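Listing of model_0.cif; format and content: mmCIF, C-alpha atoms.
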```cif
data_input
#
loop_
_atom_site.label_atom_id
_atom_site.label_comp_id
_atom_site.auth_asym_id
_atom_site.auth_seq_id
_atom_site.Cartn_x
_atom_site.Cartn_y
_atom_site.Cartn_z
CA MET A 1 0.00 0.00 0.00
CA GLN A 2 1.24 3.45 -0.87
CA PHE A 3 0.79 6.49 1.37
CA ASP A 4 1.37 9.98 0.00
CA VAL A 5 1.60 12.49 2.84
CA PHE A 6 1.26 16.21 2.11
CA THR A 7 2.56 18.30 4.98
CA LEU A 8 4.46 21.44 5.93
CA PHE A 9 6.64 19.41 8.28
CA PRO A 10 7.84 16.19 6.57
CA GLU A 11 10.72 15.93 9.04
CA MET A 12 8.24 14.87 11.73
CA PHE A 13 7.62 11.49 10.09
CA PRO A 14 10.95 9.57 9.74
CA PRO A 15 11.61 9.15 13.49
CA TYR A 16 8.46 7.05 13.78
CA LEU A 17 8.38 5.43 10.34
CA ASP A 18 12.00 4.26 10.56
CA MET A 19 11.40 2.05 13.59
CA SER A 20 10.15 -1.45 14.30
CA ILE A 21 7.20 -2.90 12.35
CA LEU A 22 6.70 0.01 9.94
CA LYS A 23 10.39 0.06 9.06
CA ARG A 24 10.32 -3.66 8.22
CA ALA A 25 7.10 -3.24 6.25
CA GLN A 26 8.79 -0.61 4.08
CA GLU A 27 11.95 -2.68 3.67
CA ASN A 28 9.84 -5.66 2.58
CA GLY A 29 7.90 -3.59 0.05
CA LEU A 30 4.58 -4.02 1.85
CA ILE A 31 4.05 -0.30 2.34
CA GLU A 32 5.55 2.81 0.77
CA VAL A 33 5.40 6.23 2.42
CA ASN A 34 6.13 9.26 0.26
CA LEU A 35 6.49 12.59 2.03
CA HIS A 36 5.69 15.77 0.11
CA ASN A 37 6.50 19.21 1.48
CA ILE A 38 3.67 21.54 0.42
CA ARG A 39 6.09 24.48 0.57
CA ASP A 40 7.87 23.09 -2.50
CA TRP A 41 4.84 24.06 -4.60
CA ALA A 42 4.60 27.65 -3.33
CA THR A 43 5.64 29.98 -6.15
CA ASP A 44 6.59 33.11 -4.24
CA LYS A 45 10.10 33.99 -3.06
CA HIS A 46 9.49 33.03 0.56
CA HIS A 47 7.42 29.87 -0.13
CA VAL A 48 4.41 31.19 1.77
CA THR A 49 1.69 28.59 2.32
CA ASP A 50 -0.70 30.46 4.64
CA ASP A 51 -2.48 33.80 4.85
CA THR A 52 -4.91 35.74 7.05
CA PRO A 53 -8.57 34.72 6.86
CA TYR A 54 -11.09 36.83 4.95
CA GLY A 55 -13.54 38.43 7.35
CA GLY A 56 -10.95 38.80 10.08
CA GLY A 57 -10.25 36.66 13.10
CA GLY A 58 -7.18 35.14 14.69
CA GLY A 59 -4.83 32.60 13.17
CA MET A 60 -3.80 31.79 9.63
CA VAL A 61 -5.35 29.65 6.92
CA MET A 62 -3.48 27.32 4.55
CA LYS A 63 -3.66 28.70 1.02
CA PRO A 64 -5.34 26.65 -1.73
CA GLU A 65 -2.77 27.18 -4.53
CA PRO A 66 0.19 25.17 -3.17
CA ILE A 67 -2.09 22.41 -1.87
CA PHE A 68 -3.85 21.94 -5.20
CA ALA A 69 -0.53 22.17 -7.06
CA ALA A 70 1.18 19.60 -4.83
CA ILE A 71 -1.58 17.02 -4.88
CA GLU A 72 -2.38 17.35 -8.58
CA ASP A 73 1.31 17.23 -9.50
CA ARG A 74 1.82 13.99 -7.59
CA LEU A 75 -1.59 12.33 -7.99
CA GLY A 76 -3.06 13.81 -11.16
CA ALA A 77 -6.08 16.03 -11.75
CA PRO A 78 -8.39 14.78 -10.46
CA PRO A 79 -6.31 12.67 -8.03
CA ASP A 80 -6.27 8.96 -8.80
CA CYS A 81 -6.76 7.91 -5.16
CA PRO A 82 -8.65 9.04 -2.04
CA VAL A 83 -7.44 12.33 -0.56
CA VAL A 84 -7.99 12.36 3.20
CA LEU A 85 -7.83 15.59 5.18
CA LEU A 86 -6.88 15.12 8.83
CA THR A 87 -9.16 17.51 10.70
CA PRO A 88 -11.17 17.66 13.95
CA GLN A 89 -14.26 18.18 11.77
CA GLY A 90 -13.94 14.78 10.07
CA ARG A 91 -15.67 11.50 10.83
CA LYS A 92 -14.20 9.90 13.92
CA PHE A 93 -11.56 7.28 13.12
CA SER A 94 -12.33 3.70 14.11
CA GLN A 95 -11.19 0.18 13.29
CA LYS A 96 -14.10 -0.10 10.86
CA ILE A 97 -12.89 2.97 8.97
CA ALA A 98 -9.33 1.62 9.06
CA ILE A 99 -10.51 -1.56 7.33
CA GLU A 100 -12.41 0.52 4.79
CA LEU A 101 -9.41 2.71 3.94
CA ALA A 102 -6.96 -0.21 3.89
CA ALA A 103 -8.81 -1.61 0.89
CA ASN A 104 -7.15 1.09 -1.23
CA LYS A 105 -3.82 0.44 -2.91
CA ARG A 106 -2.92 4.12 -2.57
CA ILE A 107 -4.12 6.88 -0.30
CA ALA A 108 -3.17 10.54 0.17
CA LEU A 109 -3.10 12.18 3.59
CA LEU A 110 -3.32 15.96 3.82
CA CYS A 111 -2.10 17.43 7.10
CA GLY A 112 -3.85 20.62 8.08
CA ARG A 113 -2.16 23.34 10.17
CA TYR A 114 -3.02 26.64 11.82
CA GLU A 115 -6.77 27.37 11.50
CA GLY A 116 -7.08 24.72 8.79
CA VAL A 117 -7.23 24.74 5.02
CA ASP A 118 -9.04 27.07 2.62
CA GLU A 119 -12.61 25.77 2.23
CA ARG A 120 -12.11 25.29 -1.52
CA VAL A 121 -9.65 22.52 -0.71
CA ARG A 122 -12.37 20.72 1.24
CA GLN A 123 -14.98 21.24 -1.44
CA HIS A 124 -13.04 20.45 -4.60
CA LEU A 125 -9.97 18.37 -3.73
CA VAL A 126 -10.48 16.37 -0.55
CA THR A 127 -12.56 13.18 -0.80
CA ASP A 128 -12.72 12.30 2.89
CA GLU A 129 -12.12 13.95 6.27
CA ILE A 130 -10.93 12.01 9.31
CA SER A 131 -10.69 13.02 12.97
CA ILE A 132 -8.86 10.91 15.54
CA GLY A 133 -10.99 12.23 18.41
CA ASP A 134 -12.90 15.10 19.91
CA TYR A 135 -9.94 17.32 20.66
CA VAL A 136 -7.68 19.69 18.73
CA LEU A 137 -3.99 19.24 17.88
CA THR A 138 -1.57 21.73 16.38
CA GLY A 139 -1.55 19.88 13.06
CA GLY A 140 -2.51 16.78 11.13
CA GLU A 141 0.90 15.09 11.25
CA LEU A 142 0.24 12.94 14.33
CA PRO A 143 -3.19 11.86 13.02
CA ALA A 144 -1.56 10.97 9.69
CA LEU A 145 0.95 8.76 11.48
CA ILE A 146 -1.89 7.10 13.37
CA LEU A 147 -3.67 6.29 10.11
CA ILE A 148 -0.50 4.94 8.52
CA ASP A 149 0.11 2.71 11.54
CA ALA A 150 -3.48 1.47 11.83
CA LEU A 151 -3.87 0.75 8.11
CA SER A 152 -0.46 -0.88 7.76
CA ARG A 153 -1.29 -3.42 10.48
CA LEU A 154 -4.13 -4.68 8.29
CA ILE A 155 -1.89 -5.46 5.32
CA PRO A 156 -1.02 -9.17 5.11
CA GLY A 157 2.59 -9.79 6.10
CA VAL A 158 3.13 -6.59 8.05
CA LEU A 159 2.60 -8.24 11.43
CA GLY A 160 4.54 -11.33 12.43
CA ASP A 161 1.35 -12.97 13.69
CA PRO A 162 -1.19 -13.35 10.85
CA GLY A 163 -4.00 -13.44 13.41
CA GLY A 164 -2.83 -10.30 15.18
CA PRO A 165 -5.12 -7.82 13.40
CA VAL A 166 -8.11 -10.06 14.09
CA ASP A 167 -7.45 -10.45 17.81
CA ASP A 168 -6.68 -6.79 18.53
CA SER A 169 -9.07 -4.71 20.61
CA HIS A 170 -11.91 -3.29 18.47
CA ALA A 171 -11.01 -5.51 15.49
CA SER A 172 -13.36 -8.28 16.61
CA GLY A 173 -15.89 -5.92 18.15
CA LEU A 174 -14.64 -6.67 21.67
CA LEU A 175 -11.75 -5.43 23.75
CA GLU A 176 -8.83 -7.83 23.73
CA TYR A 177 -8.39 -10.48 26.41
CA PRO A 178 -5.52 -10.24 28.98
CA HIS A 179 -2.02 -11.34 27.99
CA TYR A 180 0.66 -13.02 30.12
CA THR A 181 4.22 -14.20 29.52
CA ARG A 182 7.09 -15.70 31.54
CA PRO A 183 7.72 -16.03 34.43
CA PRO A 184 4.63 -18.00 35.55
CA GLU A 185 4.83 -16.31 38.94
CA PHE A 186 6.08 -12.79 39.70
CA ARG A 187 5.99 -11.27 43.20
CA GLY A 188 3.30 -13.72 44.16
CA MET A 189 1.16 -12.88 41.11
CA LYS A 190 0.46 -16.01 39.09
CA VAL A 191 -0.48 -16.58 35.47
CA PRO A 192 -3.99 -18.12 35.27
CA GLU A 193 -3.75 -21.91 35.36
CA MET A 194 -5.91 -22.16 32.27
CA LEU A 195 -3.17 -20.61 30.11
CA LEU A 196 -0.67 -23.19 31.35
CA SER A 197 -2.98 -26.15 30.69
CA GLY A 198 -2.09 -26.70 27.04
CA ASP A 199 -5.78 -27.26 26.23
CA HIS A 200 -6.22 -24.93 23.26
CA ARG A 201 -10.00 -25.26 23.12
CA LYS A 202 -10.39 -24.29 26.77
CA ILE A 203 -7.86 -21.49 26.36
CA ALA A 204 -9.84 -20.11 23.40
CA ARG A 205 -13.04 -20.20 25.49
CA TRP A 206 -11.30 -18.50 28.43
CA ARG A 207 -9.97 -15.76 26.16
CA ARG A 208 -13.39 -15.18 24.63
CA GLN A 209 -14.96 -14.91 28.07
CA GLN A 210 -12.24 -12.57 29.29
CA ALA A 211 -12.76 -10.37 26.24
CA LEU A 212 -16.48 -10.23 27.00
CA LEU A 213 -15.80 -9.47 30.66
CA ARG A 214 -13.31 -6.71 29.89
CA THR A 215 -15.65 -5.18 27.33
CA ILE A 216 -18.68 -5.13 29.61
CA GLN A 217 -16.57 -3.63 32.41
CA ARG A 218 -14.83 -0.96 30.35
CA ARG A 219 -16.86 -0.37 27.18
CA PRO A 220 -20.39 -1.76 27.63
CA ASP A 221 -21.52 0.41 24.71
CA MET A 222 -19.58 -1.87 22.35
CA LEU A 223 -21.78 -4.85 23.25
CA GLU A 224 -24.84 -3.00 21.95
CA LYS A 225 -23.55 -3.47 18.41
CA PHE A 226 -21.89 -6.86 18.91
CA GLU A 227 -23.55 -10.06 17.72
CA LEU A 228 -23.37 -12.45 20.68
CA THR A 229 -23.33 -16.22 20.29
CA GLU A 230 -25.53 -18.40 22.45
CA GLU A 231 -22.47 -19.32 24.50
CA ASP A 232 -21.67 -15.61 24.96
CA LYS A 233 -25.21 -14.96 26.17
CA LYS A 234 -25.01 -17.84 28.64
CA TYR A 235 -21.70 -16.55 30.02
CA LEU A 236 -23.03 -13.01 30.42
CA SER A 237 -26.21 -14.33 32.01
CA ASN A 238 -24.13 -16.21 34.57
CA LEU A 239 -22.18 -13.01 35.23
CA ASP A 240 -25.41 -11.12 35.88
CA ALA A 241 -26.62 -13.84 38.25
CA LEU A 242 -23.30 -13.80 40.11
CA GLU A 243 -23.35 -10.02 40.42
CA ALA A 244 -26.95 -10.10 41.71
CA ALA A 245 -26.05 -12.72 44.31
CA THR A 246 -23.02 -10.68 45.41
CA ASP A 247 -25.13 -7.55 45.80
CA GLN A 248 -27.54 -9.40 48.09
CA GLU A 249 -24.81 -10.55 50.47
#
```

Entire entry expressed as structure tokens:
Amino acid sequence: MQFDVFTLFPEMFPPYLDMSILKRAQENGLIEVNLHNIRDWATDKHHVTDDTPYGGGGGMVMKPEPIFAAIEDRLGAPPDCPVVLLTPQGRKFSQKIAIELAANKRIALLCGRYEGVDERVRQHLVTDEISIGDYVLTGGELPALILIDALSRLIPGVLGDPGGPVDDSHASGLLEYPHYTRPPEFRGMKVPEMLLSGDHRKIARWRRQQALLRTIQRRPDMLEKFELTEEDKKYLSNLDALEAATDQE
């Protein structure tokens, strides 16, 4: 998968992209990240990419000319792939959206700055707008990195464990079950006996139940959209009965 990132600060990306899983994914040709400095398409002497907003007000607005020029120069006119603007006004990013976007062979990420981009960029160039949450950052570079990371994990071969993307929290619709590793006992805290049993069927059931338990404790809203099996319903029913009995004691 190819990512084309349009930003005023391309130097922010290599420290993260050149490490660990994403570095190996690039070396193995599974992903390609191209960084484009929008300033390179500004035509004035000082490479200005922002200006004061019409109508007054504080802050600066990213100018349309260098953004259009950069994206059309690299992706064609109209662009031959989705152009995603990272903005607090976009649809809130989720695992479902990550799966949707990862279906593309190429995607462009436009990093906003200052008060945002000229509205004509939104209306006539951008094809999607993504927010990573209900808060405001100084720019779209961190959100762009988050999208690159989340989408890359879904590409076959990027993760060492082929089942990793499926088991992750939110991927299955539940939060992920607890994990343990060696030693089996640390400061008196023991690994659950079930995980040491070697019975893979029972371990799978335990993990499913732990995922249900963790989800109902931390994110009960997720269960409203989750399709429970009959075994799930029985487990949750037993939990309710146990909680009711405990409350009566």

If the PyMOL selection byres ((chain A and resi 211-217) around 9) is run on the structure shown, which residues does it catch, given as number ranges by chain? A: 169, 174-178, 206-210, 218-223, 232, 235-236, 239

Residues proximal to (-2.3, 3.6, 0.6) were defined as those with any atom within 9 Å of that point in the file's coordinates, counting all atoms listed in the file. Which are they, as number ranges by chain? A: 1-4, 31-33, 81-82, 101-108, 148, 151-152

From the set A:Val126, A:Asp73, A:Ala150, A:Glu65, which residue has the shortest atom-to-atom contact distance to Ser94 in chain A, counting only C-alpha atoms?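 The shortest atom-to-atom distance to Ser94 in chain A comes from A:Ala150.
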
Hits of the PyMOL selection byres ((chain A and resi 92) around 9) in this structure, as a list of chain:residue names: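 For this structure, the PyMOL selection byres ((chain A and resi 92) around 9) captures A:Pro88, A:Gln89, A:Gly90, A:Arg91, A:Phe93, A:Ser94, A:Ile97, A:Glu129, A:Ile130, A:Ser131, A:Ile132, A:Gly133, A:Asp134.
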
Rank nothing, just name the residue among A:Ile67, A:Gly139, A:Ile99, A:His179 nearest to His124 in chain A, using only C-alpha atoms. A:Ile67

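Across the model, the gap from CA of Leu30 in chain A to CA of Arg113 in chain A is 29.4 Å.
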
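For the choices A:Phe226, A:Lys45, A:Glu141, A:Asp80, the atom-to-atom distance to Pro14 in chain A is smallest for A:Glu141 when using only C-alpha atoms.
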
Can you measure CA of Leu147 in chain A to CA of Ala98 in chain A for me? One decimal in Å is fine.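 Interatomic distance, CA of Leu147 in chain A to CA of Ala98 in chain A: 7.4 Å.
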
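At a cut-off of 9 Å from (1.8, 27.8, 0.3), the residue set is A:Leu8, A:Ile38, A:Arg39, A:Asp40, A:Trp41, A:Ala42, A:Thr43, A:Asp44, A:His47, A:Val48, A:Thr49, A:Asp50, A:Asp51, A:Met62, A:Lys63, A:Pro64, A:Glu65, A:Pro66, A:Ile67 (counting all atoms listed in the file).
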
Which of A:Tyr114, A:Glu231, A:Met189, A:Asn37 sits closest to Phe13 in chain A [using only C-alpha atoms]: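 Of all the options, A:Asn37 lies closest to Phe13 in chain A.
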
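Straight-line separation from CA of Cys111 in chain A to CA of Thr7 in chain A: 5.2 Å.
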
The residue from A:Leu86, A:Asp18, A:Glu227, A:Ala204 with the smallest atom-to-atom distance to Asp128 in chain A, counting only C-alpha atoms, is A:Leu86
